[in-house]
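S.K.: Next comes data_17.csv, CSV, C-alpha atoms:
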chain,number,residue,atom,x,y,z
A,1,MET,CA,45.2,69.2,-42.3
A,2,ASP,CA,43.9,68.3,-45.8
A,3,ASP,CA,41.8,65.2,-46.6
A,4,ARG,CA,44.8,63.1,-47.6
A,5,GLU,CA,46.6,63.8,-44.3
A,6,ARG,CA,43.4,62.9,-42.4
A,7,ASP,CA,43.1,59.7,-44.3
A,8,ARG,CA,46.7,58.8,-43.5
A,9,HIS,CA,46.2,59.5,-39.8
A,10,ALA,CA,43.0,57.4,-39.7
A,11,VAL,CA,44.7,54.5,-41.4
A,12,GLY,CA,47.7,54.8,-39.2
A,13,THR,CA,45.6,54.8,-36.1
A,14,ARG,CA,43.8,51.7,-37.2
A,15,ILE,CA,47.0,49.9,-38.0
A,16,ARG,CA,48.3,50.7,-34.5
A,17,GLN,CA,45.1,49.5,-32.9
A,18,ALA,CA,45.2,46.2,-34.8
A,19,ARG,CA,48.8,45.7,-34.1
A,20,THR,CA,48.3,46.3,-30.4
A,21,ALA,CA,45.3,43.9,-30.3
A,22,ALA,CA,47.3,41.3,-32.0
A,23,GLY,CA,50.1,41.6,-29.4
A,24,LEU,CA,52.8,42.4,-32.0
A,25,SER,CA,55.7,44.8,-31.4
A,26,LEU,CA,56.4,47.5,-33.9
A,27,ARG,CA,59.6,45.6,-34.9
A,28,ALA,CA,57.8,42.3,-35.5
A,29,ALA,CA,55.0,43.9,-37.5
A,30,ALA,CA,57.5,45.8,-39.6
A,31,GLN,CA,59.2,42.5,-40.5
A,32,HIS,CA,56.0,41.2,-42.0
A,33,ILE,CA,55.9,43.9,-44.6
A,34,ASP,CA,59.7,44.3,-45.1
A,35,VAL,CA,60.1,47.8,-43.8
A,36,SER,CA,62.0,49.3,-40.9
A,37,PRO,CA,60.3,49.8,-37.5
A,38,ALA,CA,60.9,53.6,-38.1
A,39,THR,CA,58.9,53.5,-41.3
A,40,LEU,CA,56.0,51.6,-39.8
A,41,SER,CA,56.0,54.1,-36.9
A,42,ALA,CA,55.8,56.9,-39.4
A,43,VAL,CA,52.8,55.1,-41.0
A,44,GLU,CA,51.1,54.7,-37.7
A,45,ASN,CA,51.6,58.3,-36.8
A,46,GLY,CA,50.2,59.5,-40.2
A,47,LYS,CA,53.4,60.9,-41.5
A,48,THR,CA,53.6,58.6,-44.5
A,49,GLY,CA,51.3,56.4,-46.5
A,50,VAL,CA,51.4,52.7,-47.1
A,51,SER,CA,50.8,50.8,-50.3
A,52,ILE,CA,47.9,48.4,-50.9
A,53,PRO,CA,50.2,45.3,-51.1
A,54,ARG,CA,51.7,46.2,-47.8
A,55,LEU,CA,48.3,46.9,-46.3
A,56,ARG,CA,47.3,43.3,-47.4
A,57,ALA,CA,50.4,41.9,-45.8
A,58,LEU,CA,49.7,43.9,-42.6
A,59,ALA,CA,46.0,42.8,-42.5
A,60,ALA,CA,47.1,39.1,-42.8
A,61,ALA,CA,49.8,39.5,-40.1
A,62,LEU,CA,47.5,41.4,-37.7
A,63,GLY,CA,44.4,39.2,-38.1
A,64,THR,CA,42.2,41.9,-39.6
A,65,THR,CA,41.1,43.0,-43.1
A,66,VAL,CA,42.1,45.8,-45.5
A,67,PRO,CA,38.6,47.3,-45.5
A,68,TRP,CA,38.8,47.7,-41.7
A,69,LEU,CA,42.3,49.2,-41.8
A,70,ILE,CA,41.1,51.9,-44.3
A,71,GLY,CA,37.9,52.6,-42.6
A,72,GLU,CA,35.4,51.0,-45.0
A,73,GLN,CA,34.4,48.3,-42.4
A,74,GLN,CA,33.3,49.7,-39.1
A,75,SER,CA,33.2,46.6,-36.9
A,76,THR,CA,36.4,44.8,-36.0
A,77,PRO,CA,36.5,41.3,-37.6
A,78,THR,CA,36.7,39.5,-34.2
A,79,SER,CA,36.6,36.0,-35.6
A,80,THR,CA,39.9,36.6,-37.4
A,81,HIS,CA,41.5,38.1,-34.2
A,82,ARG,CA,40.2,35.1,-32.2
A,83,GLN,CA,41.8,32.7,-34.6
A,84,ARG,CA,45.1,34.5,-34.3
A,85,ASP,CA,44.9,34.5,-30.5
A,86,GLN,CA,44.5,30.8,-30.4
A,87,SER,CA,47.8,30.3,-32.3
A,88,THR,CA,49.9,32.6,-30.0
A,89,PRO,CA,53.0,30.9,-28.7
A,90,TYR,CA,52.3,32.2,-25.2
A,91,PRO,CA,48.6,31.3,-24.4
A,92,GLU,CA,46.9,31.8,-21.1
A,93,PRO,CA,46.9,28.7,-18.9
A,94,ASN,CA,44.4,26.1,-20.1
A,95,ASP,CA,43.6,24.2,-16.9
A,96,GLY,CA,39.9,24.8,-16.7
A,97,ARG,CA,40.2,27.8,-14.3
A,98,THR,CA,39.5,31.4,-15.0
A,99,HIS,CA,42.8,33.4,-15.0
A,100,THR,CA,43.4,37.1,-14.8
A,101,TRP,CA,46.8,38.8,-15.1
A,102,ARG,CA,46.6,40.3,-11.7
A,103,GLU,CA,46.1,37.0,-9.9
A,104,PHE,CA,48.9,34.5,-9.0
A,105,PRO,CA,47.6,31.1,-7.9
A,106,PRO,CA,50.2,28.5,-6.9
A,107,LEU,CA,52.2,27.2,-9.9
A,108,ASP,CA,51.0,23.8,-11.1
A,109,ILE,CA,54.4,22.2,-11.7
A,110,ASP,CA,55.9,18.8,-10.9
A,111,PRO,CA,57.9,18.2,-7.7
A,112,VAL,CA,61.2,17.8,-9.6
A,113,LEU,CA,61.0,21.2,-11.3
A,114,ALA,CA,59.8,22.8,-8.1
A,115,ALA,CA,62.8,21.4,-6.3
A,116,ALA,CA,65.1,22.5,-9.0
A,117,ILE,CA,63.8,26.1,-8.8
A,118,ASP,CA,64.3,26.1,-5.0
A,119,SER,CA,67.8,24.7,-5.5
A,120,PHE,CA,68.8,27.3,-8.1
A,121,VAL,CA,67.6,30.1,-5.9
A,122,GLU,CA,69.3,28.8,-2.8
A,123,THR,CA,72.7,27.6,-4.2
A,124,GLY,CA,72.8,28.8,-7.7
A,125,TYR,CA,72.7,26.7,-10.9
A,126,HIS,CA,76.3,25.6,-10.6
A,127,GLY,CA,75.9,24.8,-6.9
A,128,ALA,CA,72.9,22.5,-7.4
A,129,THR,CA,73.3,18.9,-8.5
A,130,MET,CA,70.8,16.4,-9.8
A,131,ARG,CA,71.4,14.4,-6.5
A,132,SER,CA,70.6,17.5,-4.4
A,133,ILE,CA,67.5,18.2,-6.5
A,134,ALA,CA,66.4,14.6,-6.2
A,135,HIS,CA,66.8,14.7,-2.4
A,136,ARG,CA,64.8,17.9,-2.2
A,137,ALA,CA,62.1,16.4,-4.4
A,138,ASP,CA,62.1,13.2,-2.2
A,139,MET,CA,62.9,11.1,-5.3
A,140,SER,CA,65.7,8.8,-6.4
A,141,VAL,CA,68.3,10.2,-8.8
A,142,PRO,CA,67.2,7.7,-11.5
A,143,GLY,CA,63.6,8.9,-11.0
A,144,VAL,CA,64.7,12.5,-11.6
A,145,TYR,CA,66.6,11.5,-14.8
A,146,HIS,CA,63.4,9.7,-16.0
A,147,HIS,CA,61.6,13.0,-16.2
A,148,TYR,CA,64.5,15.4,-17.1
A,149,HIS,CA,67.5,14.8,-19.3
A,150,ASP,CA,69.9,16.8,-17.1
A,151,LYS,CA,70.3,19.9,-15.0
A,152,GLN,CA,70.3,22.2,-18.1
A,153,ASP,CA,67.0,20.8,-19.1
A,154,LEU,CA,65.6,21.8,-15.7
A,155,LEU,CA,67.0,25.4,-16.0
A,156,VAL,CA,65.5,25.7,-19.5
A,157,ARG,CA,62.1,24.5,-18.3
A,158,ALA,CA,62.2,27.1,-15.5
A,159,LEU,CA,63.0,29.9,-17.8
A,160,ASP,CA,60.5,28.8,-20.4
A,161,LEU,CA,57.9,28.8,-17.6
A,162,THR,CA,59.0,32.3,-16.7
A,163,MET,CA,58.7,33.7,-20.2
A,164,SER,CA,55.4,32.0,-20.9
A,165,GLU,CA,53.9,33.6,-17.8
A,166,LEU,CA,55.4,37.0,-18.6
A,167,HIS,CA,54.1,37.0,-22.1
A,168,TRP,CA,50.6,36.1,-21.4
A,169,ARG,CA,50.3,38.4,-18.4
A,170,VAL,CA,51.8,41.4,-20.2
A,171,ARG,CA,49.7,40.9,-23.3
A,172,ALA,CA,46.5,40.5,-21.2
A,173,ALA,CA,47.3,43.6,-19.3
A,174,ARG,CA,47.9,45.7,-22.5
A,175,ARG,CA,44.6,44.5,-23.9
A,176,GLU,CA,42.8,46.2,-21.1
A,177,ALA,CA,44.3,49.6,-21.9
A,178,ALA,CA,42.8,52.1,-24.5
A,179,THR,CA,45.7,54.6,-24.7
A,180,GLY,CA,49.5,54.5,-24.8
A,181,ARG,CA,49.7,56.0,-21.3
A,182,GLU,CA,47.4,53.3,-20.0
A,183,ARG,CA,49.3,50.5,-21.8
A,184,VAL,CA,52.6,51.7,-20.2
A,185,ALA,CA,51.0,51.7,-16.8
A,186,CYS,CA,49.4,48.2,-17.2
A,187,HIS,CA,52.5,46.8,-18.8
A,188,VAL,CA,54.7,48.0,-15.9
A,189,GLU,CA,52.1,46.8,-13.4
A,190,ALA,CA,52.2,43.3,-14.9
A,191,LEU,CA,56.0,43.2,-14.8
A,192,ALA,CA,56.1,44.4,-11.2
A,193,LEU,CA,53.4,41.9,-10.1
A,194,PHE,CA,55.3,39.0,-11.7
A,195,HIS,CA,58.6,40.0,-10.2
A,196,THR,CA,57.1,40.1,-6.7
A,197,HIS,CA,54.6,37.2,-6.8
A,198,ARG,CA,56.9,34.9,-8.8
A,199,ARG,CA,60.1,36.2,-7.1
A,200,GLU,CA,61.9,32.8,-7.3
A,201,LEU,CA,61.4,32.4,-11.1
A,202,ALA,CA,62.3,36.1,-11.6
A,203,PHE,CA,65.4,35.7,-9.6
A,204,ILE,CA,66.6,32.8,-11.7
A,205,GLY,CA,65.8,34.7,-14.8
A,206,ALA,CA,68.0,37.6,-13.7
A,207,SER,CA,70.9,35.5,-12.4
A,208,GLU,CA,71.2,32.3,-14.5
A,209,MET,CA,71.0,33.4,-18.1
A,210,ARG,CA,74.7,33.0,-18.2
A,211,SER,CA,74.3,29.3,-17.3
A,212,LEU,CA,72.2,28.5,-20.4
A,213,SER,CA,73.7,26.9,-23.5
A,214,PRO,CA,74.3,29.4,-26.4
A,215,ASP,CA,71.2,28.2,-28.4
A,216,HIS,CA,68.9,28.4,-25.4
A,217,ARG,CA,70.4,31.8,-24.3
A,218,ARG,CA,69.7,33.2,-27.8
A,219,ARG,CA,66.1,31.9,-27.7
A,220,ILE,CA,65.3,33.2,-24.2
A,221,THR,CA,67.0,36.5,-25.0
A,222,ALA,CA,64.8,37.0,-28.1
A,223,SER,CA,61.7,36.3,-26.0
A,224,ARG,CA,62.8,38.9,-23.5
A,225,ASP,CA,63.5,41.4,-26.2
A,226,GLU,CA,60.0,40.9,-27.6
A,227,ILE,CA,58.5,42.1,-24.3
A,228,GLN,CA,60.9,45.0,-24.3
A,229,TYR,CA,59.8,46.0,-27.8
A,230,LEU,CA,56.2,45.9,-26.7
A,231,LEU,CA,57.1,48.3,-23.9
A,232,ASP,CA,59.0,50.5,-26.4
A,233,ASP,CA,55.9,50.7,-28.6
A,234,ASP,CA,53.7,51.6,-25.6
A,235,ILE,CA,56.2,54.3,-24.6
A,236,ASP,CA,56.2,55.7,-28.1
A,237,ALA,CA,52.4,55.8,-28.2
A,238,ALA,CA,52.3,57.5,-24.8
A,239,ILE,CA,54.9,60.1,-25.6
A,240,THR,CA,53.1,60.9,-28.9
A,241,GLU,CA,49.8,61.4,-27.1
A,242,GLU,CA,51.4,63.8,-24.7
A,243,GLY,CA,53.4,65.7,-27.3
A,244,LEU,CA,56.7,64.9,-25.6
A,245,SER,CA,60.2,64.4,-27.0
A,246,LYS,CA,61.3,60.8,-27.9
A,247,ASP,CA,65.0,61.7,-27.6
A,248,HIS,CA,65.5,59.5,-24.5
A,249,ALA,CA,62.6,57.0,-25.0
A,250,ARG,CA,64.7,53.9,-25.5
A,251,VAL,CA,66.9,54.7,-22.5
A,252,ALA,CA,63.8,55.3,-20.4
A,253,GLY,CA,62.3,52.0,-21.5
A,254,ARG,CA,65.4,50.1,-20.4
A,255,ALA,CA,65.5,51.9,-17.1
A,256,ILE,CA,61.8,51.1,-16.5
A,257,THR,CA,62.3,47.4,-17.3
A,258,THR,CA,65.4,47.2,-15.0
A,259,MET,CA,63.4,48.9,-12.2
A,260,CYS,CA,61.0,45.9,-12.4
A,261,THR,CA,63.5,43.1,-12.9
A,262,SER,CA,65.5,44.2,-9.9
A,263,LEU,CA,62.5,43.7,-7.6
A,264,PRO,CA,63.5,40.2,-6.5
A,265,ALA,CA,66.7,41.6,-5.0
A,266,TRP,CA,64.9,43.4,-2.3
A,267,PHE,CA,61.1,42.6,-2.2
A,268,ARG,CA,59.7,40.1,0.3
A,269,LEU,CA,56.1,38.9,0.4
A,270,ASN,CA,56.2,39.3,4.2
A,271,GLY,CA,57.5,42.8,4.0
A,272,PRO,CA,55.7,46.1,4.8
A,273,VAL,CA,54.3,46.6,1.3
A,274,SER,CA,52.2,44.3,-0.9
A,275,PRO,CA,53.0,43.4,-4.5
A,276,GLU,CA,49.9,45.3,-5.5
A,277,GLN,CA,51.1,48.5,-3.8
A,278,VAL,CA,54.5,48.2,-5.4
A,279,ALA,CA,53.1,47.5,-8.8
A,280,ARG,CA,50.8,50.6,-8.6
A,281,GLU,CA,53.7,52.8,-7.5
A,282,TYR,CA,56.0,51.4,-10.2
A,283,ALA,CA,53.4,52.2,-12.8
A,284,ASN,CA,53.3,55.8,-11.6
A,285,PHE,CA,57.1,55.9,-11.4
A,286,ALA,CA,57.3,54.8,-15.0
A,287,LEU,CA,55.0,57.5,-16.2
A,288,ARG,CA,57.0,60.1,-14.3
A,289,VAL,CA,60.3,58.8,-15.9
A,290,LEU,CA,58.7,59.5,-19.3
A,291,GLY,CA,57.7,63.0,-18.1
A,292,ILE,CA,54.0,62.2,-18.0
A,293,ARG,CA,52.3,63.8,-15.0
A,294,GLU,CA,49.0,62.8,-13.4
Using C-alpha cells, write down the structure that the file contains.
M.R.:
Amino acid sequence: MDDRERDRHAVGTRIRQARTAAGLSLRAAAQHIDVSPATLSAVENGKTGVSIPRLRALAAALGTTVPWLIGEQQSTPTSTHRQRDQSTPYPEPNDGRTHTWREFPPLDIDPVLAAAIDSFVETGYHGATMRSIAHRADMSVPGVYHHYHDKQDLLVRALDLTMSELHWRVRAARREAATGRERVACHVEALALFHTHRRELAFIGASEMRSLSPDHRRRITASRDEIQYLLDDDIDAAITEEGLSKDHARVAGRAITTMCTSLPAWFRLNGPVSPEQVAREYANFALRVLGIRE
C-alpha cells in the first residue's frame, strides 16, 4: 500500500467514525454530499478519494472539522458533536432522571394514551372506540376528546412514542461500541430489549401500521427505515472487519430485524427467560447469521 492509499484509508476511517458518532446512516450522510451510499461506502473503505468541497459538506453534516477528518487535528471537536446531539429529533428522555438504554422504567404517559395502548393491544385499532378508551381511562368521552382529536391521533402518538424510544436507545447502544461487530451486537441487543420490555408498543407497531393515514404511514415508515439503515451500516462495517462477503448482507439485515420485531408474538415477561437473556442470545444469533464466530 503506497502513501496515497494509506491516506485514503485513514480519511475513510475517520469519516466512518464521525458518521457513527453523529448517528447518521450511510444513506443519510451520502445525501448531504450528493453521492450514492455505495460511493460513500467506497470512500469510508479507502477505495476512492473525496474532494475538499465534499469533505467540507461532510464535516458540517457530521459535526466535526475538515482538519480532524484528514488527520491534521488529533482531538475530536466534542463541542461541535455536542451541539449536534442536542438538535437530534430523537433525544433521550429529559425528565431529570438518569437513563441508560438497557433500563426500562415505567412509561410516563397520560391515562388516556395508556388506555388507548391497552385497547389497541386487546381489541385492535378498529375494535377500539373512543368510548371504550374513555371507560378504560375512567374519563368521560368529552374529556378524552379534550386531550386527543380522535382515535387516529392516539395511534399516531403511540407509534411516535415507539419510534422515539427506539431511536434514542439504538443510537445510545451504538455509541458504546468501538467496532462494527460490537455495534451489530449492541444494536440487536437494544432492539430485542425494546421488543420485550415494551411489548405492547412493539405489538402495536407490528400490527397497526396499516391503520395509519397515508401521510403518517409514510413518516413512520421512513423513521423505521432509518433504524434499518443504521443496522445495514453496522453490518457492512462488521463484515468488512472480518473479511467476509457482502453478497447477502441486506437480506441478513432484514432477517435480523424481523427476528427482533417478532418477539412480541411469543415473549412474556413472566416466562422462563428474561429480556436480558433473550437480548444477549439474539445478539449472538445475529453475528452467526452474518458468519461471524466467537
S.K.: Provide the CA of Phe285 (chain A) to CA of Glu176 (chain A) distance in Å, to one decimal place.
M.R.: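 CA of Phe285 (chain A) sits 19.8 Å away from CA of Glu176 (chain A).
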S.K.: So that I can see what lies close to region 126-137 of chain A, please list as a list in words the residues with an atom at most 10 Å from it, counting all atoms listed in the file and leaving out residues fewer than 6 positions away in the same chain.
M.R.: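 Counting all atoms listed in the file, the residues come to Asp110, Pro111, Val112, Leu113, Ala114, Ala115, Ala116, Ile117, Asp118, Ser119, Phe120, Gly143, Val144, Tyr145, Tyr148, Asp150, Lys151, Leu154, Glu208 and Ser211 of chain A.
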S.K.: Which residues of region 134-210 of chain A sit at most 12 Å from region 253-257 of chain A, using all atoms listed in the file? Give each one's shortest atom pair and distance in Å (one decimal place), in chain and ascending residue order, as a Markdown table.
M.R.:
| residue | atom | partner | partner_atom | distance |
| --- | --- | --- | --- | --- |
| A:Val184 | CA | A:Gly253 | CA | 9.8 |
| A:Ala185 | CA | A:Ile256 | CA | 10.8 |
| A:His187 | CA | A:Thr257 | CA | 9.9 |
| A:Val188 | CA | A:Thr257 | CA | 7.8 |
| A:Glu189 | CA | A:Thr257 | CA | 10.9 |
| A:Ala190 | CA | A:Thr257 | CA | 11.2 |
| A:Leu191 | CA | A:Thr257 | CA | 8.0 |
| A:Ala192 | CA | A:Thr257 | CA | 9.2 |
| A:His195 | CA | A:Thr257 | CA | 10.9 |
| A:Ala206 | CA | A:Thr257 | CA | 11.9 |
S.K.: Taking into account only C-alpha atoms, which residue in the set A:Ala283, A:Val11, A:Leu58, A:Val289 is nearest to Arg250 (chain A)?
M.R.: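 Looking at the shortest contact to Arg250 (chain A), the residue is A:Val289.
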S.K.: Residues within 10 Å of region 51-54 of chain A, please, as JSON, numbers by chain. Count all atoms listed in the file; anything in the same chain fewer than 2 positions from it doesn't count.
M.R.: {"A": [32, 33, 34, 35, 49, 56, 57, 58, 59, 60, 66]}
S.K.: Counting all atoms listed in the file, which of A:Gly205, A:Pro275, A:Pro214, A:Gly243 gets nearest to Thr261 (chain A)?
M.R.: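 Of all the options, A:Gly205 lies closest to Thr261 (chain A).
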S.K.: Could you check the closest approach to Arg6 (chain A) for each of A:Arg199, A:Lys47, A:Arg217, A:Arg210 and tell me which residue wins, using all atoms listed in the file?
M.R.: A:Lys47
S.K.: Figure out the distance between CA of Ser41 (chain A) and CA of Asp247 (chain A), please, to one decimal in Å.
M.R.: 15.0 Å
S.K.: Tell me which of A:Arg157, A:His167, A:His197, A:Arg268 sits closest to Arg102 (chain A), counting only C-alpha atoms.
M.R.: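 Ranking A:Arg157, A:His167, A:His197, A:Arg268 by distance to Arg102 (chain A), first place goes to A:His197.
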S.K.: Work out how far CA of Gln31 (chain A) is from CA of Ile227 (chain A), in Å to one decimal.
M.R.: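 Separation between CA of Ile227 (chain A) and CA of Gln31 (chain A): 16.2 Å.
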